[in-house]
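start_1.cif (mmCIF, C-alpha atoms) appears below.
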data_structure
#
loop_
_atom_site.label_atom_id
_atom_site.label_comp_id
_atom_site.auth_asym_id
_atom_site.auth_seq_id
_atom_site.Cartn_x
_atom_site.Cartn_y
_atom_site.Cartn_z
CA MET A 1 -56.21 -3.78 -11.54
CA VAL A 2 -54.13 -6.40 -9.77
CA LEU A 3 -56.10 -8.88 -7.71
CA ILE A 4 -54.31 -10.15 -4.62
CA ALA A 5 -55.36 -13.41 -3.01
CA PRO A 6 -56.91 -12.70 0.39
CA SER A 7 -54.36 -14.86 2.20
CA ALA A 8 -51.43 -13.13 0.45
CA GLU A 9 -52.91 -9.75 1.30
CA GLU A 10 -53.30 -10.74 4.94
CA LYS A 11 -49.74 -12.07 5.05
CA ALA A 12 -48.43 -8.80 3.61
CA LEU A 13 -50.42 -6.89 6.24
CA VAL A 14 -48.99 -9.03 9.03
CA GLU A 15 -45.44 -8.46 7.80
CA ALA A 16 -45.98 -4.72 7.56
CA ALA A 17 -47.56 -4.69 11.02
CA GLN A 18 -44.60 -6.59 12.43
CA GLY A 19 -42.40 -3.88 10.94
CA GLY A 20 -44.26 -1.28 13.02
CA ASP A 21 -46.61 0.06 10.33
CA VAL A 22 -49.57 1.42 12.31
CA GLU A 23 -51.87 1.52 9.31
CA ALA A 24 -51.20 -2.16 8.66
CA ILE A 25 -51.98 -2.93 12.31
CA ARG A 26 -55.20 -0.96 11.99
CA ALA A 27 -56.17 -2.80 8.81
CA LEU A 28 -55.51 -6.16 10.50
CA LEU A 29 -57.49 -5.27 13.61
CA ASP A 30 -60.35 -3.81 11.56
CA ARG A 31 -60.73 -7.16 9.79
CA VAL A 32 -60.95 -9.26 12.90
CA SER A 33 -61.92 -7.24 15.95
CA ARG A 34 -65.68 -7.22 15.33
CA PRO A 35 -66.12 -10.99 14.89
CA LEU A 36 -63.70 -11.45 17.76
CA TYR A 37 -65.86 -9.31 20.02
CA ALA A 38 -69.30 -10.30 18.74
CA ALA A 39 -68.82 -14.00 18.10
CA VAL A 40 -66.01 -15.04 20.44
CA ILE A 41 -65.86 -12.78 23.50
CA LEU A 42 -69.41 -11.51 24.05
CA PRO A 43 -71.13 -14.94 23.81
CA ARG A 44 -68.70 -16.18 26.46
CA ILE A 45 -68.92 -13.17 28.78
CA GLY A 46 -72.38 -11.68 28.27
CA ILE A 47 -71.79 -8.35 29.97
CA ALA A 48 -70.78 -5.82 27.34
CA ALA A 49 -68.52 -3.72 29.59
CA ASP A 50 -66.50 -6.79 30.62
CA ALA A 51 -66.36 -8.00 27.02
CA GLU A 52 -65.03 -4.62 25.91
CA ASP A 53 -62.30 -4.76 28.57
CA ILE A 54 -61.32 -8.20 27.34
CA LEU A 55 -61.25 -7.08 23.72
CA ARG A 56 -59.05 -4.11 24.68
CA GLU A 57 -56.67 -6.32 26.65
CA THR A 58 -56.58 -8.87 23.83
CA LEU A 59 -55.68 -6.28 21.20
CA LEU A 60 -52.99 -4.71 23.38
CA ARG A 61 -51.51 -8.11 24.11
CA ALA A 62 -51.61 -9.06 20.45
CA ILE A 63 -49.79 -5.88 19.43
CA ASP A 64 -47.25 -6.43 22.17
CA ARG A 65 -46.58 -9.98 20.98
CA LEU A 66 -46.96 -9.40 17.28
CA HIS A 67 -43.28 -10.14 16.71
CA THR A 68 -43.86 -13.70 18.01
CA PHE A 69 -46.53 -14.48 15.43
CA HIS A 70 -45.36 -16.86 12.70
CA TRP A 71 -47.34 -17.20 9.54
CA THR A 72 -48.63 -20.75 9.17
CA GLY A 73 -51.25 -20.30 6.48
CA ALA A 74 -54.14 -20.37 8.94
CA GLY A 75 -54.08 -16.61 9.11
CA PHE A 76 -54.10 -14.02 11.85
CA PHE A 77 -57.54 -14.64 13.36
CA PRO A 78 -56.93 -18.05 15.03
CA TRP A 79 -53.86 -16.63 16.78
CA LEU A 80 -55.80 -13.62 18.02
CA ARG A 81 -58.76 -15.82 18.97
CA GLN A 82 -56.53 -17.95 21.16
CA ILE A 83 -55.30 -14.88 23.02
CA ALA A 84 -58.91 -13.76 23.49
CA ILE A 85 -60.07 -17.15 24.77
CA HIS A 86 -57.34 -17.24 27.40
CA GLN A 87 -58.23 -13.70 28.44
CA VAL A 88 -61.86 -14.82 28.78
CA ILE A 89 -60.90 -17.84 30.91
CA ASP A 90 -58.69 -15.68 33.13
CA HIS A 91 -61.55 -13.21 33.55
CA VAL A 92 -64.04 -15.94 34.44
CA ARG A 93 -61.56 -17.40 36.92
CA ARG A 94 -61.29 -14.01 38.60
CA VAL A 95 -65.04 -13.41 38.92
CA GLN A 96 -66.42 -16.91 39.42
CA ARG A 97 -65.68 -19.76 41.71
CA ARG A 98 -64.84 -22.61 39.38
CA THR A 99 -63.24 -25.92 40.17
CA ARG A 100 -59.84 -26.81 38.73
CA LEU A 101 -61.50 -29.60 36.74
CA GLU A 102 -63.99 -27.19 35.14
CA GLU A 103 -61.20 -24.78 34.30
CA ARG A 104 -59.00 -27.51 32.82
CA PHE A 105 -61.90 -28.69 30.70
CA GLU A 106 -62.56 -25.14 29.52
CA ARG A 107 -58.92 -24.56 28.57
CA HIS A 108 -58.88 -27.86 26.72
CA ALA A 109 -62.10 -26.97 24.89
CA ALA A 110 -60.70 -23.52 24.10
CA ASP A 111 -57.77 -25.11 22.29
CA VAL A 112 -60.20 -26.64 19.80
CA THR A 113 -60.61 -23.87 17.28
CA PRO A 114 -62.99 -23.87 14.36
CA MET A 115 -61.47 -24.12 10.91
CA HIS A 116 -60.54 -20.67 9.65
CA LEU A 117 -58.77 -19.82 6.46
CA ALA A 118 -56.27 -17.02 6.09
CA GLY A 119 -57.86 -13.95 4.60
CA ALA A 120 -61.38 -15.21 5.30
CA GLU A 121 -64.12 -12.62 5.10
CA GLU A 122 -65.33 -11.14 8.37
CA SER A 123 -68.80 -12.55 7.73
CA LEU A 124 -67.44 -16.07 7.28
CA ILE A 125 -65.43 -15.91 10.49
CA ASP A 126 -68.50 -14.52 12.23
CA GLN A 127 -70.69 -17.29 10.84
CA GLN A 128 -68.30 -20.08 11.89
CA GLU A 129 -67.83 -18.67 15.37
CA ARG A 130 -71.53 -18.08 15.85
CA ALA A 131 -72.32 -21.64 14.79
CA LEU A 132 -69.93 -22.83 17.49
CA SER A 133 -71.55 -20.57 20.11
CA LEU A 134 -75.05 -21.69 19.14
CA LYS A 135 -74.02 -25.33 19.39
CA THR A 136 -72.52 -24.77 22.84
CA MET A 137 -75.67 -22.98 23.96
CA SER A 138 -77.88 -25.68 22.53
CA VAL A 139 -75.99 -28.44 24.36
CA ALA A 140 -76.26 -26.51 27.63
CA MET A 141 -79.98 -25.85 27.10
CA ASP A 142 -80.65 -29.52 26.37
CA ALA A 143 -79.41 -30.36 29.86
CA LEU A 144 -82.24 -28.32 31.44
CA ASN A 145 -85.69 -29.58 32.29
CA ASP A 146 -88.47 -28.62 29.89
CA ARG A 147 -89.99 -25.85 32.02
CA TYR A 148 -86.66 -24.14 32.64
CA ARG A 149 -85.74 -24.41 28.96
CA ALA A 150 -89.11 -22.94 28.00
CA ALA A 151 -88.62 -19.99 30.39
CA ILE A 152 -85.23 -19.14 28.86
CA THR A 153 -86.43 -19.67 25.32
CA LEU A 154 -89.46 -17.45 25.73
CA ARG A 155 -87.75 -14.64 27.62
CA LEU A 156 -84.23 -14.51 26.10
CA LEU A 157 -84.39 -16.17 22.70
CA GLU A 158 -87.88 -15.06 21.66
CA GLU A 159 -87.59 -11.79 23.65
CA LYS A 160 -91.16 -12.01 24.96
CA SER A 161 -92.29 -9.81 27.83
CA ARG A 162 -92.39 -11.23 31.38
CA GLU A 163 -96.18 -11.11 31.27
CA ALA A 164 -96.32 -13.08 28.01
CA CYS A 165 -93.83 -15.63 29.36
CA ALA A 166 -95.80 -16.07 32.59
CA GLU A 167 -98.97 -16.50 30.61
CA ALA A 168 -97.39 -19.05 28.26
CA LEU A 169 -96.23 -21.09 31.26
CA GLY A 170 -99.54 -20.64 33.06
CA VAL A 171 -98.01 -19.09 36.18
CA THR A 172 -98.06 -15.75 37.97
CA LEU A 173 -95.46 -13.10 37.20
CA GLY A 174 -93.71 -13.73 40.54
CA ASN A 175 -93.58 -17.46 39.94
CA PHE A 176 -92.20 -16.91 36.44
CA ASP A 177 -89.38 -14.82 37.93
CA VAL A 178 -88.52 -17.72 40.24
CA ILE A 179 -88.55 -20.22 37.37
CA LEU A 180 -86.29 -18.01 35.24
CA HIS A 181 -83.94 -17.47 38.19
CA ARG A 182 -83.66 -21.23 38.74
CA ALA A 183 -83.30 -21.88 35.02
CA LEU A 184 -80.37 -19.45 34.71
CA ALA A 185 -78.71 -20.87 37.82
CA ALA A 186 -79.01 -24.37 36.35
CA LEU A 187 -77.75 -23.21 32.97
CA ARG A 188 -74.73 -21.50 34.49
CA LYS A 189 -73.36 -24.87 35.58
CA ALA A 190 -73.76 -26.42 32.14
CA TYR A 191 -72.64 -23.35 30.22
CA GLY A 192 -68.92 -23.01 30.78
CA VAL A 193 -66.51 -20.96 28.72
CA ARG A 194 -66.20 -22.93 25.48
CA MET B 1 -108.00 -17.72 28.61
CA SER B 2 -107.47 -19.37 31.99
CA ALA B 3 -106.20 -17.35 34.94
CA PRO B 4 -102.63 -18.08 35.98
CA ASP B 5 -102.24 -20.54 38.79
CA GLU B 6 -101.42 -18.66 41.98
CA ARG B 7 -100.11 -21.80 43.58
CA TRP B 8 -96.60 -23.06 43.06
CA ASN B 9 -96.37 -25.93 40.55
CA PRO B 10 -94.41 -28.84 42.08
CA ASP B 11 -93.08 -29.64 38.57
CA ASP B 12 -91.03 -26.45 38.86
CA GLY B 13 -89.15 -27.75 41.92
CA PRO B 14 -89.61 -27.10 45.63
CA ALA B 15 -91.69 -24.09 46.64
CA PRO B 16 -89.58 -20.94 46.77
CA THR B 17 -88.74 -19.24 50.04
CA ASP B 18 -89.36 -15.53 50.51
CA GLU B 19 -85.62 -14.99 50.15
CA GLU B 20 -85.59 -16.77 46.78
CA ARG B 21 -88.57 -14.78 45.61
CA ALA B 22 -86.78 -11.55 46.51
CA ALA B 23 -83.62 -12.69 44.68
CA SER B 24 -85.71 -13.65 41.62
CA SER B 25 -87.36 -10.25 41.63
CA ARG B 26 -83.94 -8.53 41.80
CA LEU B 27 -82.75 -10.64 38.86
CA SER B 28 -85.80 -9.70 36.85
CA GLU B 29 -85.10 -6.01 37.45
CA ALA B 30 -81.40 -6.39 36.67
CA LEU B 31 -82.18 -8.05 33.34
CA SER B 32 -84.12 -5.00 32.25
CA GLU B 33 -81.31 -2.59 33.20
CA PRO B 34 -78.60 -1.72 30.67
CA ASN B 35 -75.80 -1.85 33.24
CA ALA B 36 -74.75 -5.04 35.00
CA PRO B 37 -75.38 -5.23 38.78
CA ASP B 38 -72.51 -5.04 41.26
CA ASP B 39 -73.63 -7.98 43.39
CA PRO B 40 -71.38 -10.86 42.19
CA ALA B 41 -74.01 -13.62 42.40
CA LEU B 42 -76.60 -11.54 40.58
CA ARG B 43 -74.02 -10.38 38.04
CA GLU B 44 -73.14 -13.98 37.24
CA LEU B 45 -76.75 -14.85 36.39
CA VAL B 46 -77.17 -11.66 34.36
CA SER B 47 -74.00 -12.62 32.50
CA VAL B 48 -75.47 -16.05 31.63
CA ALA B 49 -78.69 -14.44 30.40
CA ARG B 50 -76.82 -11.93 28.27
CA ARG B 51 -74.58 -14.62 26.81
CA ILE B 52 -77.70 -16.40 25.60
CA HIS B 53 -79.12 -13.18 24.23
CA ALA B 54 -75.88 -12.11 22.52
CA THR B 55 -75.56 -15.52 20.88
CA ALA B 56 -79.10 -15.50 19.56
CA HIS B 57 -79.43 -11.78 18.78
CA PRO B 58 -76.18 -10.17 17.69
CA ASN B 59 -76.62 -6.41 17.56
CA ARG B 60 -74.23 -5.71 14.72
CA ASP B 61 -74.45 -1.91 14.85
CA VAL B 62 -73.70 -1.68 18.56
CA GLN B 63 -70.95 -4.26 18.28
CA HIS B 64 -69.38 -2.50 15.33
CA ALA B 65 -69.37 0.83 17.18
CA ALA B 66 -67.82 -0.77 20.27
CA THR B 67 -65.07 -2.54 18.37
CA ALA B 68 -64.24 0.54 16.28
CA ARG B 69 -63.97 2.64 19.45
CA ILE B 70 -61.76 0.11 21.22
CA THR B 71 -59.53 -0.38 18.18
CA ASP B 72 -59.04 3.40 18.00
CA GLU B 73 -58.22 3.55 21.73
CA VAL B 74 -55.70 0.74 21.46
CA LEU B 75 -54.03 2.23 18.40
CA ALA B 76 -53.87 5.63 20.10
CA THR B 77 -52.02 4.13 23.05
CA MET B 78 -49.54 2.25 20.90
CA ARG B 79 -48.96 4.93 18.25
CA PRO B 80 -45.97 6.54 19.98
CA MET B 81 -44.26 3.20 20.43
CA ALA B 82 -45.04 1.59 17.09
CA SER B 83 -44.98 4.38 14.56
CA PRO B 84 -43.38 3.79 11.17
CA VAL B 85 -40.55 6.02 12.34
CA ARG B 86 -39.95 3.62 15.20
CA GLY B 87 -40.06 0.69 12.81
CA ILE B 88 -37.44 2.35 10.65
CA ALA B 89 -35.39 3.26 13.70
CA ARG B 90 -35.57 -0.33 14.92
CA ARG B 91 -34.21 -1.60 11.62
CA MET B 92 -31.58 1.11 11.30
CA TRP B 93 -30.18 1.28 14.81
CA PRO B 94 -27.18 -1.03 14.19
CA PHE B 95 -26.14 1.22 11.33
CA ALA B 96 -26.60 4.31 13.50
CA VAL B 97 -24.45 2.79 16.27
CA ALA B 98 -21.77 1.82 13.75
CA ALA B 99 -21.78 5.33 12.23
CA ALA B 100 -21.46 6.91 15.66
CA ALA B 101 -18.54 4.61 16.51
CA ILE B 102 -16.75 5.48 13.25
CA LEU B 103 -17.27 9.18 13.94
CA VAL B 104 -15.80 8.93 17.42
CA VAL B 105 -12.78 6.95 16.22
CA GLY B 106 -12.29 9.31 13.28
CA VAL B 107 -12.33 12.40 15.44
CA SER B 108 -9.91 10.83 17.94
CA VAL B 109 -7.42 9.60 15.32
CA GLY B 110 -7.67 12.52 12.93
CA ARG B 111 -7.22 15.23 15.51
CA PRO B 112 -3.76 16.93 15.14
CA ARG B 113 -1.45 16.00 17.97
CA SER B 114 -0.72 18.80 20.31
CA VAL B 115 2.82 20.11 20.01
CA PRO B 116 4.86 19.19 23.07
CA ALA B 117 5.32 22.12 25.31
CA GLY B 118 8.70 23.76 24.78
CA PRO B 119 10.77 25.61 27.31
CA ASP B 120 9.10 28.57 28.94
CA PRO B 121 9.57 31.82 27.07
CA SER B 122 12.31 33.96 28.39
CA ILE B 123 11.40 36.55 30.94
CA SER B 124 13.79 38.95 29.28
CA ARG B 125 11.13 40.31 26.99
CA ASP B 126 11.11 43.87 25.89
CA VAL B 127 10.27 45.73 29.05
CA ASP B 128 8.43 48.44 27.13
CA ASP B 129 5.86 45.97 25.88
CA VAL B 130 4.95 45.09 29.38
CA LEU B 131 5.04 48.50 30.85
CA ARG B 132 3.17 50.28 28.05
CA ALA B 133 0.28 47.87 28.13
CA PRO B 134 -2.87 49.56 29.44
CA VAL B 135 -4.13 48.60 32.81
CA GLY B 136 -7.14 46.38 32.25
CA VAL B 137 -10.62 47.61 33.03
CA GLY B 138 -12.18 45.80 35.91
CA ALA B 139 -8.90 44.70 37.31
CA ALA B 140 -9.15 47.28 40.04
CA SER B 141 -12.02 45.76 41.86
CA THR B 142 -10.11 44.81 44.97
CA PRO B 143 -7.97 46.98 47.24
CA ALA B 144 -4.90 44.82 46.61
CA THR B 145 -5.26 45.25 42.89
CA ARG B 146 -5.68 49.01 43.34
CA VAL B 147 -2.46 49.23 45.32
CA TYR B 148 -0.70 47.16 42.69
CA GLU B 149 -2.12 49.29 39.91
CA ALA B 150 -1.07 52.54 41.62
CA ARG B 151 2.44 51.29 42.11
CA LEU B 152 2.65 50.05 38.55
CA THR B 153 1.41 53.37 37.16
CA ALA B 154 3.85 55.34 39.29
CA TRP B 155 6.74 53.15 38.29
CA ARG B 156 5.86 53.40 34.62
CA GLU B 157 5.68 57.20 34.77
CA LEU B 158 9.03 57.28 36.52
CA TYR B 159 10.53 55.00 33.93
CA LEU B 160 9.19 57.02 31.03
CA ARG B 161 10.49 60.27 32.51
CA GLY B 162 14.01 59.02 32.48
CA GLY B 163 14.41 56.41 35.08
CA SER B 164 15.49 58.51 38.04
CA ARG B 165 13.45 58.94 41.13
#
Go ahead and express the file in the form of structure tokens.
Amino acid sequence: MVLIAPSAEEKALVEAAQGGDVEAIRALLDRVSRPLYAAVILPRIGIAADAEDILRETLLRAIDRLHTFHWTGAGFFPWLRQIAIHQVIDHVRRVQRRTRLEERFERHAADVTPMHLAGAEESLIDQQERALSLKTMSVAMDALNDRYRAAITLRLLEEKSREACAEALGVTLGNFDVILHRALAALRKAYGVR
Amino acid sequence: MSAPDERWNPDDGPAPTDEERAASSRLSEALSEPNAPDDPALRELVSVARRIHATAHPNRDVQHAATARITDEVLATMRPMASPVRGIARRMWPFAVAAAAILVVGVSVGRPRSVPAGPDPSISRDVDDVLRAPVGVGAASTPATRVYEARLTAWRELYLRGGSR
């Protein structure tokens, strides 16, 4: 059995895909589309239906521009990730009112990609991307006051019921809803597309 | 266990208005629904909440199913335009064009030249050949042709009988 280095295998797949080989395109997309969706797009969009639209648009765009991809040794994923990030920013610009400064900052931040190696396992890509998302979330959460952070932690991170959250904060159910509403509104400002 | 405080805690900010309480209640309901709300402001907050949740709790099975479905959809749409046949065709088209050009030139050059038209054949052909030829079927579809045919037949019979009227 001949063992092929992962990066050489990925390069061969890219070349075959650029030649129009559908099975090679499928193999390439199968390697990267799940971490792209789960660890890059969904943590930046939240709503699954919108994230699926962005994934679809990203893959179509990537196939359309596959002939422009030049192998640099970093592999296929960073190139695809960059397309996805710009799709995400364009989507957010369409649905949210963001200032030019916020958007410029987001585009600049999006250009900073985590270190990926060609032919990296899906789980490794997923792990690196998720670490980046968790860090972004953590920074945004740190900017909140303690009560707001507690409301989000209890309800969304620890997945506790509303009743349990209200009890933990010592407030009524209605007051907990208001605290969570304010907490998410405050987090939205600190939690751009990064 | 102490009962929850019914009053608003000033540490949580200014006391909410009725409008804010209603909006908070709508958000709470929307967070428990699978589909995102249509109201843009509410949708934005739901999006933030789900970003947090997706980051902390990746649902690998659901995500795998979604990505597999979308990959299939995308490949289905691009299959006609990026099949291996198309890839081969894309690489081979210059050769195909060249072959077609050679074929056209070859047919044009290799075709035998038509012989220049000579002088018209003499009208003094054997009269019998003309007159003995049968009258064609279907040629008598118009009155003028019928008159012509009748005259021709009569003249031929006269000629064959000896040439005198």
Counting only C-alpha atoms, the option among A:Asp126, A:Glu159, A:Asp142, A:Asp177 closest to chain B: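 Answer, going by the shortest atom-to-atom distance: A:Asp177.
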Open item on the list: If the PyMOL selection byres ((chain A) within 8 of (chain B)) were run on this exact file, what residues would it hold? Put them as a count of residues only.
Closed with: 50
Axis-aligned box for all listed atoms of range 21-33 of chain B, 5 Å per side, centre and edges in Å to one decimal, as AutoDock Vina command-line options:
--center_x -84.9 --center_y -8.7 --center_z 39.4 --size_x 17.3 --size_y 22.2 --size_z 24.3
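The spacing separating CA of Phe77 in chain A from CA of Leu124 in chain A amounts to 11.7 Å.
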d(CA of Ala49 in chain A, CA of Ile89 in chain A) in Å: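 Answer for the CA of Ala49 in chain A to CA of Ile89 in chain A separation: 16.1 Å.
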